[in-house]
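Colleague: Contents of model_36.csv (CSV, C-alpha atoms (C1' of nucleotides)) are below:
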chain,number,residue,atom,x,y,z
A,10,MET,CA,100.1,149.1,89.1
A,11,SER,CA,101.7,146.2,87.4
A,12,ALA,CA,100.6,142.8,88.8
A,13,PRO,CA,103.0,141.4,91.4
A,14,GLU,CA,104.1,138.6,89.0
A,15,PRO,CA,103.6,135.5,91.2
A,16,ARG,CA,106.1,133.4,89.2
A,17,THR,CA,107.8,131.2,91.7
A,18,PRO,CA,106.2,132.4,95.0
A,19,ASP,CA,109.4,132.4,97.0
A,20,ARG,CA,112.5,130.7,95.7
A,21,ALA,CA,114.5,130.9,98.9
A,22,GLU,CA,111.6,129.6,100.9
A,23,GLU,CA,110.8,126.8,98.5
A,24,ALA,CA,114.5,125.7,98.7
A,25,ALA,CA,114.3,125.7,102.4
A,26,ARG,CA,110.9,124.8,103.7
A,27,ALA,CA,109.0,122.8,101.2
A,28,PRO,CA,111.9,120.4,100.6
A,29,LEU,CA,112.0,119.5,104.3
A,30,SER,CA,108.7,117.7,103.9
A,31,LYS,CA,109.9,116.2,100.7
A,32,GLN,CA,113.2,115.2,102.2
A,33,ARG,CA,111.4,113.5,105.1
A,34,LEU,CA,109.3,111.6,102.6
A,35,ARG,CA,112.5,110.6,100.8
A,36,LEU,CA,114.0,109.4,104.0
A,37,TRP,CA,111.0,107.3,104.6
A,38,LEU,CA,111.1,105.8,101.2
A,39,ARG,CA,114.8,104.9,101.5
A,40,MET,CA,114.2,103.4,104.9
A,41,LEU,CA,111.5,101.2,103.5
A,42,GLU,CA,113.7,100.2,100.6
A,43,ALA,CA,116.6,99.4,102.8
A,44,THR,CA,114.5,97.4,105.3
A,45,ARG,CA,112.9,95.4,102.6
A,46,HIS,CA,116.2,94.7,100.9
A,47,ILE,CA,117.7,93.3,104.1
A,48,GLU,CA,114.5,91.4,105.0
A,49,ALA,CA,114.4,89.8,101.6
A,50,ARG,CA,117.9,88.6,101.9
A,51,LEU,CA,117.5,87.2,105.3
A,52,ARG,CA,114.1,85.6,104.5
A,53,ASP,CA,115.5,83.9,101.5
A,54,GLU,CA,118.5,82.4,103.3
A,55,LEU,CA,116.5,81.5,106.3
A,56,ARG,CA,114.2,79.6,104.0
A,57,THR,CA,116.7,77.8,101.8
A,58,GLU,CA,119.5,77.2,104.4
A,59,HIS,CA,117.6,76.9,107.7
A,60,ASP,CA,114.2,75.9,106.6
A,61,SER,CA,112.6,78.6,108.7
A,62,THR,CA,111.1,82.1,108.4
A,63,LEU,CA,111.6,85.5,109.8
A,64,PRO,CA,108.6,85.5,112.1
A,65,ARG,CA,109.6,82.1,113.5
A,66,PHE,CA,113.1,83.4,114.1
A,67,ASP,CA,111.7,86.4,116.0
A,68,VAL,CA,109.6,84.3,118.3
A,69,LEU,CA,112.5,82.0,119.0
A,70,ALA,CA,114.7,85.0,119.7
A,71,ALA,CA,112.2,86.4,122.2
A,72,LEU,CA,111.9,83.0,124.0
A,73,TYR,CA,115.7,82.4,124.0
A,74,ARG,CA,116.2,85.3,126.4
A,75,ARG,CA,113.5,84.0,128.8
A,76,PRO,CA,114.3,80.4,129.8
A,77,ALA,CA,111.2,80.2,131.9
A,78,GLY,CA,109.1,81.0,128.9
A,79,LEU,CA,106.5,83.7,128.2
A,80,ARG,CA,102.8,84.0,128.0
A,81,MET,CA,101.2,84.3,124.6
A,82,SER,CA,100.2,87.9,125.4
A,83,GLU,CA,103.7,88.8,126.7
A,84,LEU,CA,105.1,87.4,123.5
A,85,SER,CA,102.7,89.4,121.2
A,86,ALA,CA,103.4,92.6,123.2
A,87,MET,CA,107.1,92.0,123.0
A,88,LEU,CA,107.0,91.4,119.2
A,89,LYS,CA,104.3,94.1,118.7
A,90,VAL,CA,102.1,91.8,116.7
A,91,SER,CA,98.5,90.7,117.3
A,92,ASN,CA,97.6,87.8,119.6
A,93,GLY,CA,96.1,85.9,116.8
A,94,ASN,CA,99.3,86.1,114.9
A,95,VAL,CA,101.4,84.7,117.6
A,96,THR,CA,98.9,81.8,118.0
A,97,GLY,CA,99.6,80.7,114.5
A,98,ILE,CA,103.4,81.0,114.6
A,99,VAL,CA,103.7,79.2,118.0
A,100,GLU,CA,101.5,76.5,116.7
A,101,ARG,CA,103.8,75.8,113.8
A,102,LEU,CA,106.9,76.0,116.0
A,103,ALA,CA,105.3,73.6,118.4
A,104,GLY,CA,104.6,71.3,115.5
A,105,GLU,CA,108.3,71.4,114.7
A,106,GLY,CA,109.2,70.6,118.2
A,107,HIS,CA,111.0,73.9,118.9
A,108,VAL,CA,108.7,75.2,121.5
A,109,GLU,CA,106.2,73.7,124.0
A,110,ARG,CA,103.0,75.1,125.4
A,111,LEU,CA,102.4,74.7,129.1
A,112,ARG,CA,99.4,75.6,131.2
A,113,VAL,CA,99.9,78.2,133.8
A,114,GLU,CA,99.3,77.1,137.4
A,115,GLY,CA,96.4,79.2,138.8
A,116,ASP,CA,95.1,80.7,135.6
A,117,ARG,CA,93.5,78.3,133.2
A,118,ARG,CA,93.1,81.0,130.6
A,119,ALA,CA,96.8,81.6,130.2
A,120,MET,CA,99.4,79.7,128.2
A,121,ARG,CA,103.2,79.7,128.8
A,122,VAL,CA,105.4,79.1,125.8
A,123,ARG,CA,108.9,77.9,126.3
A,124,LEU,CA,111.8,76.7,124.0
A,125,THR,CA,112.5,73.0,124.0
A,126,GLU,CA,116.1,71.8,124.2
A,127,ASP,CA,115.9,71.3,120.5
A,128,GLY,CA,114.5,74.8,119.9
A,129,ARG,CA,117.2,76.3,122.1
A,130,ALA,CA,120.0,74.6,120.2
A,131,ARG,CA,118.3,75.4,116.9
A,132,PHE,CA,118.1,79.1,117.7
A,133,ALA,CA,121.7,79.3,119.0
A,134,GLU,CA,122.7,78.0,115.6
A,135,MET,CA,120.6,80.5,113.7
A,136,ALA,CA,121.5,83.4,115.9
A,137,GLY,CA,125.2,83.2,114.9
A,138,TRP,CA,124.4,83.0,111.2
A,139,HIS,CA,121.9,85.9,111.6
A,140,GLU,CA,124.4,88.3,113.2
A,141,ALA,CA,127.1,87.4,110.7
A,142,ARG,CA,124.7,87.9,107.8
A,143,VAL,CA,123.4,91.3,109.1
A,144,ASN,CA,127.0,92.4,109.6
A,145,GLU,CA,127.8,91.6,106.0
A,146,LEU,CA,124.7,93.3,104.7
A,147,LEU,CA,125.7,96.4,106.6
A,148,LYS,CA,129.4,96.2,106.0
A,149,ASP,CA,129.5,99.6,104.3
A,150,ILE,CA,128.4,101.3,107.4
A,151,THR,CA,131.4,102.6,109.3
A,152,ALA,CA,132.0,102.6,113.0
A,153,GLU,CA,131.6,106.3,113.2
A,154,GLU,CA,128.2,106.2,111.4
A,155,LEU,CA,126.7,103.5,113.6
A,156,ASP,CA,126.0,105.4,116.8
A,157,PRO,CA,124.2,108.4,115.2
A,158,ALA,CA,122.3,106.2,112.9
A,159,ILE,CA,121.1,104.0,115.7
A,160,GLU,CA,120.1,107.0,117.8
A,161,LEU,CA,118.2,108.5,114.9
A,162,LEU,CA,116.3,105.3,114.2
A,163,ALA,CA,115.6,104.8,117.8
A,164,ARG,CA,114.1,108.2,117.9
A,165,ILE,CA,111.8,107.3,115.1
A,166,GLY,CA,110.7,104.0,116.4
A,167,ARG,CA,110.2,105.2,119.9
A,168,ASP,CA,106.5,105.6,120.7
A,169,GLN,CA,106.1,109.3,120.7
A,170,HIS,CA,102.6,109.1,121.9
A,171,ASP,CA,100.7,111.7,124.0
A,172,ALA,CA,103.9,113.8,124.2
A,173,ASP,CA,102.7,117.3,123.4
A,174,GLY,CA,100.9,117.7,120.0
A,175,ARG,CA,98.5,115.2,118.6
A,176,ASP,CA,98.3,111.4,119.2
B,19,MET,CA,153.1,74.8,133.0
B,20,SER,CA,150.2,76.7,134.4
B,21,ALA,CA,147.2,77.0,132.2
B,22,PRO,CA,147.1,80.3,130.1
B,23,GLU,CA,144.0,81.5,132.1
B,24,PRO,CA,141.7,82.3,129.2
B,25,ARG,CA,139.5,84.8,131.3
B,26,THR,CA,138.4,87.4,128.9
B,27,PRO,CA,140.3,86.5,125.7
B,28,ASP,CA,141.2,90.0,124.7
B,29,ARG,CA,139.6,93.0,126.3
B,30,ALA,CA,140.9,95.6,123.9
B,31,GLU,CA,139.8,93.6,120.9
B,32,GLU,CA,136.4,92.8,122.3
B,33,ALA,CA,135.8,96.5,122.9
B,34,ALA,CA,136.8,97.3,119.3
B,35,ARG,CA,136.0,94.4,117.0
B,36,ALA,CA,133.2,92.4,118.4
B,37,PRO,CA,131.0,95.4,119.1
B,38,LEU,CA,131.1,96.5,115.5
B,39,SER,CA,129.1,93.4,114.6
B,40,LYS,CA,126.9,93.9,117.6
B,41,GLN,CA,126.4,97.5,116.7
B,42,ARG,CA,125.4,96.7,113.1
B,43,LEU,CA,123.0,94.2,114.5
B,44,ARG,CA,121.6,96.9,116.8
B,45,LEU,CA,121.3,99.2,113.8
B,46,TRP,CA,119.3,96.6,111.9
B,47,LEU,CA,117.0,96.0,114.9
B,48,ARG,CA,116.3,99.7,115.3
B,49,MET,CA,115.7,100.1,111.6
B,50,LEU,CA,113.2,97.3,111.6
B,51,GLU,CA,111.5,98.8,114.7
B,52,ALA,CA,111.3,102.2,113.2
B,53,THR,CA,110.0,101.0,109.8
B,54,ARG,CA,107.3,98.8,111.5
B,55,HIS,CA,106.3,101.7,113.7
B,56,ILE,CA,105.7,104.0,110.8
B,57,GLU,CA,104.1,101.3,108.6
B,58,ALA,CA,101.7,100.5,111.4
B,59,ARG,CA,100.6,104.1,111.8
B,60,LEU,CA,100.2,104.6,108.0
B,61,ARG,CA,98.4,101.3,107.5
B,62,ASP,CA,96.0,102.0,110.3
B,63,GLU,CA,95.0,105.5,109.1
B,64,LEU,CA,94.9,104.3,105.5
B,65,ARG,CA,92.4,101.7,106.5
B,66,THR,CA,90.2,103.7,108.8
B,67,GLU,CA,90.3,107.1,107.0
B,68,HIS,CA,90.8,106.1,103.3
B,69,ASP,CA,89.5,102.6,103.2
B,70,SER,CA,92.7,101.4,101.5
B,71,THR,CA,96.0,99.6,102.2
B,72,LEU,CA,99.7,100.2,101.9
B,73,PRO,CA,100.2,97.8,99.0
B,74,ARG,CA,97.3,99.4,97.1
B,75,PHE,CA,98.8,102.8,97.8
B,76,ASP,CA,102.2,101.7,96.5
B,77,VAL,CA,100.6,100.4,93.2
B,78,LEU,CA,98.7,103.6,92.7
B,79,ALA,CA,101.8,105.7,93.4
B,80,ALA,CA,103.7,103.8,90.7
B,81,LEU,CA,101.0,104.1,88.2
B,82,TYR,CA,100.4,107.8,89.0
B,83,ARG,CA,103.8,108.7,87.6
B,84,ARG,CA,103.1,106.8,84.4
B,85,PRO,CA,100.0,108.1,82.7
B,86,ALA,CA,100.4,105.6,79.9
B,87,GLY,CA,100.3,102.7,82.4
B,88,LEU,CA,102.7,99.9,83.1
B,89,ARG,CA,102.9,96.2,82.3
B,90,MET,CA,102.3,93.8,85.1
B,91,SER,CA,106.0,92.8,85.1
B,92,GLU,CA,107.2,96.4,85.0
B,93,LEU,CA,105.0,97.0,88.0
B,94,SER,CA,106.3,94.1,90.0
B,95,ALA,CA,109.9,95.0,89.1
B,96,MET,CA,109.4,98.6,90.1
B,97,LEU,CA,107.8,97.6,93.5
B,98,LYS,CA,110.2,94.7,93.9
B,99,VAL,CA,107.4,92.2,94.7
B,100,SER,CA,106.5,89.0,92.9
B,101,ASN,CA,104.3,88.9,89.8
B,102,GLY,CA,101.7,86.8,91.5
B,103,ASN,CA,101.4,89.4,94.2
B,104,VAL,CA,100.8,92.2,91.8
B,105,THR,CA,98.1,90.2,90.1
B,106,GLY,CA,96.1,90.1,93.2
B,107,ILE,CA,96.5,93.7,94.2
B,108,VAL,CA,95.7,95.0,90.7
B,109,GLU,CA,92.7,92.7,90.6
B,110,ARG,CA,91.3,94.4,93.7
B,111,LEU,CA,92.1,97.8,92.5
B,112,ALA,CA,90.3,97.1,89.3
B,113,GLY,CA,87.3,95.9,91.2
B,114,GLU,CA,87.3,99.2,93.0
B,115,GLY,CA,87.5,101.0,89.7
B,116,HIS,CA,90.8,102.7,90.4
B,117,VAL,CA,92.7,101.0,87.6
B,118,GLU,CA,92.0,99.4,84.3
B,119,ARG,CA,93.7,96.5,82.5
B,120,LEU,CA,94.3,96.8,78.8
B,121,ARG,CA,95.6,94.4,76.3
B,122,VAL,CA,98.9,95.3,74.7
B,123,GLU,CA,98.8,95.7,70.9
B,124,GLY,CA,101.1,93.2,69.4
B,125,ASP,CA,101.7,91.0,72.4
B,126,ARG,CA,98.8,89.1,73.6
B,127,ARG,CA,100.6,87.7,76.6
B,128,ALA,CA,101.1,91.2,78.1
B,129,MET,CA,98.8,93.4,80.1
B,130,ARG,CA,98.9,97.1,80.5
B,131,VAL,CA,97.6,98.6,83.8
B,132,ARG,CA,96.6,102.2,84.0
B,133,LEU,CA,94.9,104.5,86.5
B,134,THR,CA,91.3,105.4,85.8
B,135,GLU,CA,90.3,109.0,86.2
B,136,ASP,CA,88.8,108.0,89.5
B,137,GLY,CA,92.0,106.3,90.5
B,138,ARG,CA,94.0,109.3,89.6
B,139,ALA,CA,91.9,111.6,91.7
B,140,ARG,CA,91.8,109.2,94.5
B,141,PHE,CA,95.6,108.9,94.6
B,142,ALA,CA,96.2,112.6,94.4
B,143,GLU,CA,94.1,112.9,97.5
B,144,MET,CA,95.9,110.2,99.4
B,145,ALA,CA,99.3,111.4,98.3
B,146,GLY,CA,98.9,114.7,100.1
B,147,TRP,CA,97.7,113.0,103.2
B,148,HIS,CA,100.6,110.6,103.0
B,149,GLU,CA,103.3,113.2,102.7
B,150,ALA,CA,101.9,115.2,105.6
B,151,ARG,CA,101.6,112.2,107.8
B,152,VAL,CA,105.1,111.0,107.1
B,153,ASN,CA,106.4,114.5,107.7
B,154,GLU,CA,104.7,114.4,111.1
B,155,LEU,CA,106.0,111.0,112.0
B,156,LEU,CA,109.5,112.1,111.2
B,157,LYS,CA,109.2,115.6,112.6
B,158,ASP,CA,112.0,115.0,115.1
B,159,ILE,CA,114.5,114.6,112.3
B,160,THR,CA,116.2,117.9,111.7
B,161,ALA,CA,117.2,119.4,108.4
B,162,GLU,CA,120.9,118.7,109.0
B,163,GLU,CA,120.2,115.1,109.8
B,164,LEU,CA,118.2,114.3,106.7
B,165,ASP,CA,120.8,114.2,104.0
B,166,PRO,CA,123.3,111.9,105.7
B,167,ALA,CA,120.5,109.6,106.9
B,168,ILE,CA,119.1,109.4,103.4
B,169,GLU,CA,122.5,108.7,101.9
B,170,LEU,CA,123.2,106.0,104.5
B,171,LEU,CA,119.9,104.2,103.9
B,172,ALA,CA,120.3,104.5,100.2
B,173,ARG,CA,123.7,102.8,100.5
B,174,ILE,CA,122.0,99.9,102.4
B,175,GLY,CA,119.1,99.5,100.0
B,176,ARG,CA,121.2,99.7,96.9
B,177,ASP,CA,121.7,96.4,95.4
B,178,GLN,CA,125.3,95.7,96.2
B,179,HIS,CA,125.3,92.6,94.0
B,180,ASP,CA,128.4,91.1,92.3
B,181,ALA,CA,130.6,94.0,93.5
B,182,ASP,CA,133.7,92.3,94.8
B,183,GLY,CA,133.1,89.7,97.6
B,184,ARG,CA,130.3,87.3,97.6
B,185,ASP,CA,126.8,87.6,96.2
C,22,DG,C1',76.3,82.3,145.1
C,23,DC,C1',75.4,85.4,141.1
C,24,DC,C1',76.3,89.0,137.8
C,25,DA,C1',78.8,92.1,135.2
C,26,DC,C1',82.9,93.2,133.5
C,27,DA,C1',87.7,92.3,132.5
C,28,DT,C1',91.5,89.2,130.8
C,29,DA,C1',93.9,85.5,128.0
C,30,DT,C1',93.5,83.2,124.2
C,31,DT,C1',91.7,81.2,119.8
C,32,DT,C1',89.1,81.4,115.7
C,33,DC,C1',88.0,83.5,111.5
C,34,DA,C1',87.7,86.2,107.1
C,35,DA,C1',90.3,89.0,104.3
C,36,DG,C1',94.3,90.5,102.4
C,37,DC,C1',99.3,90.4,101.5
C,38,DC,C1',103.4,87.8,100.0
C,39,DT,C1',106.4,84.3,98.0
C,40,DG,C1',108.1,80.6,95.1
C,41,DA,C1',106.8,77.1,92.1
C,42,DA,C1',103.9,75.2,88.6
C,43,DA,C1',100.8,76.0,84.9
C,44,DT,C1',99.1,78.7,80.7
C,45,DT,C1',99.4,81.3,76.8
C,46,DT,C1',101.9,83.5,73.4
C,47,DT,C1',106.1,84.8,71.0
C,48,DA,C1',110.6,84.1,68.7
C,49,DG,C1',114.3,81.6,66.5
C,50,DG,C1',116.3,77.8,64.3
C,51,DC,C1',115.7,74.6,61.0
D,25,DG,C1',105.6,75.5,58.5
D,26,DC,C1',107.2,73.0,62.9
D,27,DC,C1',109.5,72.7,67.4
D,28,DT,C1',111.8,74.3,71.2
D,29,DA,C1',113.0,77.7,74.4
D,30,DA,C1',111.9,82.1,76.4
D,31,DA,C1',108.7,85.5,78.1
D,32,DA,C1',104.3,87.5,80.4
D,33,DT,C1',101.1,86.4,83.2
D,34,DT,C1',98.0,83.7,86.3
D,35,DT,C1',97.2,80.1,89.6
D,36,DC,C1',98.0,77.9,93.7
D,37,DA,C1',99.5,76.3,98.4
D,38,DG,C1',101.5,77.8,102.4
D,39,DG,C1',102.5,81.1,105.6
D,40,DC,C1',102.1,85.9,107.7
D,41,DT,C1',99.2,89.7,109.5
D,42,DT,C1',95.4,92.3,111.1
D,43,DG,C1',91.1,93.4,113.5
D,44,DA,C1',86.8,91.6,115.0
D,45,DA,C1',84.1,88.1,117.1
D,46,DA,C1',83.9,84.1,119.9
D,47,DT,C1',85.4,81.2,124.2
D,48,DA,C1',86.8,80.4,128.5
D,49,DT,C1',88.1,81.9,132.8
D,50,DG,C1',89.0,85.1,136.6
D,51,DT,C1',87.5,89.1,139.8
D,52,DG,C1',84.8,92.1,142.4
D,53,DG,C1',80.6,93.8,144.1
D,54,DC,C1',76.4,92.7,146.1
Take the structure from the file and write it as structure tokens.
Modeller:
Amino acid sequence: MSAPEPRTPDRAEEAARAPLSKQRLRLWLRMLEATRHIEARLRDELRTEHDSTLPRFDVLAALYRRPAGLRMSELSAMLKVSNGNVTGIVERLAGEGHVERLRVEGDRRAMRVRLTEDGRARFAEMAGWHEARVNELLKDITAEELDPAIELLARIGRDQHDADGRD
Amino acid sequence: MSAPEPRTPDRAEEAARAPLSKQRLRLWLRMLEATRHIEARLRDELRTEHDSTLPRFDVLAALYRRPAGLRMSELSAMLKVSNGNVTGIVERLAGEGHVERLRVEGDRRAMRVRLTEDGRARFAEMAGWHEARVNELLKDITAEELDPAIELLARIGRDQHDADGRD
DNA sequence: GCCACATATTTCAAGCCTGAAATTTTAGGC
DNA sequence: GCCTAAAATTTCAGGCTTGAAATATGTGGC
């Protein structure tokens, strides 16, 4: 009875199963890297060329599509950040004259935030630059690659809560 | 001389050229969304279950692979964050006893940071959890999808500096 | 009308992050 | 042996972010 010689427990299996988890980890790391790379570029140019920031841009973008404005809580839900966070960003944007805060008729707790004319013009300007810049940063991605990649990332970002398993 | 009736400037072109830029923009937005989704989940669990944070985890991970330790500047280059940032994170990790700061023989400006035994054990623990959690969050990504997606993201993250065009 | 609970928002402490300015030390030229 | 520039790091101000606590207001039952 010679011992079964464990060696490498199961070569074929290791090359097929274990790596799946490792590959997913690798995917995550690359995704993080890519995102940070682009964010860094955008942030830098936004700061030096437009004297603004990514979070401010995000808020302006959300408000741009809603001429009537949004409540603080709608804004934070839309951007998926905390209420307190939005308070600070809107405060600074208001200080710069890009947004205005209005009381809501009939609910004195609520606040409606809206772009000013200046904010609207300012964002339109930045939006063009933003799209062009992203297009450049992603110029190596071909037309055929785009759709599958978008679909894949959408699948990841989608809230897969209470579907079947955990969560 | 009737006016040229601008209408829609060039339908065929708009359906072929303009959307490419829009699609890249969409890709970027989905990527950002996906990344934030996963980061939020990891951060939350890291905080509630492991009493730690993502940045601390990143530092521990970098040090884990270098038993001899790393200089502050090597660490910040590796993680692609500023020097000042690393100073703070390492300071907190040192306070928790997970890393130690040693002077470098022959260069009194430099600092070598190394995992303590405790830090090493602590990270090993978290690393297993981390891989499992990421694997779960990406469970919908199939084996066939992984390689192309990793390659694509690597292409985006890769520093495409001074290649041909700008930058 | 009052009370309990829910909602909308702000405030706050703690941590993360950057870019710029300081600090300390090293290295080279003379 | 000095002096200047470069290198390694820290310090700092300003801003982003979260989660928890505080404030203020609204709503429904009684």
Colleague: Residues of chain B within 8 Å of chain A, using all atoms listed in the file, as a ChimeraX atom specification?
Modeller: /B:38-46,48-56,149-150,152-153,155-156,158-159,161,164-165,167-168,170-177
Colleague: Sort by chain and increasing residue number a table of all residues of chain B within 12 Å of chain C, each with its closest pair of atoms and their distance in Å to one decimal, counting only C-alpha atoms (C1' of nucleotides), and write it as JSON lines.
Modeller:
{"residue": "B:Ser70", "atom": "CA", "partner": "C:DG36", "partner_atom": "C1'", "distance": 11.1}
{"residue": "B:Thr71", "atom": "CA", "partner": "C:DG36", "partner_atom": "C1'", "distance": 9.3}
{"residue": "B:Leu72", "atom": "CA", "partner": "C:DC37", "partner_atom": "C1'", "distance": 9.8}
{"residue": "B:Pro73", "atom": "CA", "partner": "C:DC37", "partner_atom": "C1'", "distance": 7.9}
{"residue": "B:Arg74", "atom": "CA", "partner": "C:DC37", "partner_atom": "C1'", "distance": 10.2}
{"residue": "B:Lys98", "atom": "CA", "partner": "C:DC38", "partner_atom": "C1'", "distance": 11.4}
{"residue": "B:Val99", "atom": "CA", "partner": "C:DC38", "partner_atom": "C1'", "distance": 8.0}
{"residue": "B:Ser100", "atom": "CA", "partner": "C:DT39", "partner_atom": "C1'", "distance": 6.9}
{"residue": "B:Asn101", "atom": "CA", "partner": "C:DT39", "partner_atom": "C1'", "distance": 9.6}
{"residue": "B:Gly102", "atom": "CA", "partner": "C:DT39", "partner_atom": "C1'", "distance": 8.4}
{"residue": "B:Asn103", "atom": "CA", "partner": "C:DC38", "partner_atom": "C1'", "distance": 6.3}
{"residue": "B:Val104", "atom": "CA", "partner": "C:DC38", "partner_atom": "C1'", "distance": 9.7}
{"residue": "B:Thr105", "atom": "CA", "partner": "C:DC37", "partner_atom": "C1'", "distance": 11.5}
{"residue": "B:Gly106", "atom": "CA", "partner": "C:DC37", "partner_atom": "C1'", "distance": 8.9}
{"residue": "B:Ile107", "atom": "CA", "partner": "C:DC37", "partner_atom": "C1'", "distance": 8.5}
{"residue": "B:Arg110", "atom": "CA", "partner": "C:DG36", "partner_atom": "C1'", "distance": 10.0}
{"residue": "B:Gly124", "atom": "CA", "partner": "C:DT47", "partner_atom": "C1'", "distance": 9.9}
{"residue": "B:Asp125", "atom": "CA", "partner": "C:DT46", "partner_atom": "C1'", "distance": 7.6}
{"residue": "B:Arg126", "atom": "CA", "partner": "C:DT46", "partner_atom": "C1'", "distance": 6.4}
{"residue": "B:Arg127", "atom": "CA", "partner": "C:DT46", "partner_atom": "C1'", "distance": 5.4}
{"residue": "B:Ala128", "atom": "CA", "partner": "C:DT46", "partner_atom": "C1'", "distance": 9.1}
Colleague: With 10 Å as the limit and counting all atoms listed in the file, what residues in chain D lie close to chain B? Please list them as a PyMOL selection string.
Modeller: chain D and resi 31-36+42
Colleague: Any chance you could export the current selection's C-alpha atoms (C1' of nucleotides) as a compact mmCIF listing (two decimals), keeping the file's coordinate frame?
Modeller:
# COMPACT_ATOMS: atom_id res chain seq x y z
C1' DA D 31 108.70 85.50 78.10
C1' DA D 32 104.30 87.50 80.40
C1' DT D 33 101.10 86.40 83.20
C1' DT D 34 98.00 83.70 86.30
C1' DT D 35 97.20 80.10 89.60
C1' DC D 36 98.00 77.90 93.70
C1' DT D 42 95.40 92.30 111.10
Colleague: When you draw a straight line from CA of Leu51 in chain A to CA of Ala133 in chain A, how long is it in Å?
Modeller: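 Taking CA of Leu51 in chain A as the start and CA of Ala133 in chain A as the end point, the length is 16.4 Å.
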Colleague: Between A:Leu84, A:Leu55, A:Ala136, A:Ala103, which has the minimum distance to Val68 in chain A (counting all atoms listed in the file)?
Modeller: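 Of A:Leu84, A:Leu55, A:Ala136, A:Ala103, the one nearest Val68 in chain A, counting all atoms listed in the file, is A:Leu84.
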Colleague: Can you measure CA of Ala79 in chain B to CA of Phe141 in chain B for me? One decimal in Å is fine.
Modeller: 7.1 Å
Colleague: In Å to one decimal, how far is CA of Glu92 in chain B from CA of Arg65 in chain B?
Modeller: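 Taking CA of Arg65 in chain B as the start and CA of Glu92 in chain B as the end point, the length is 26.6 Å.
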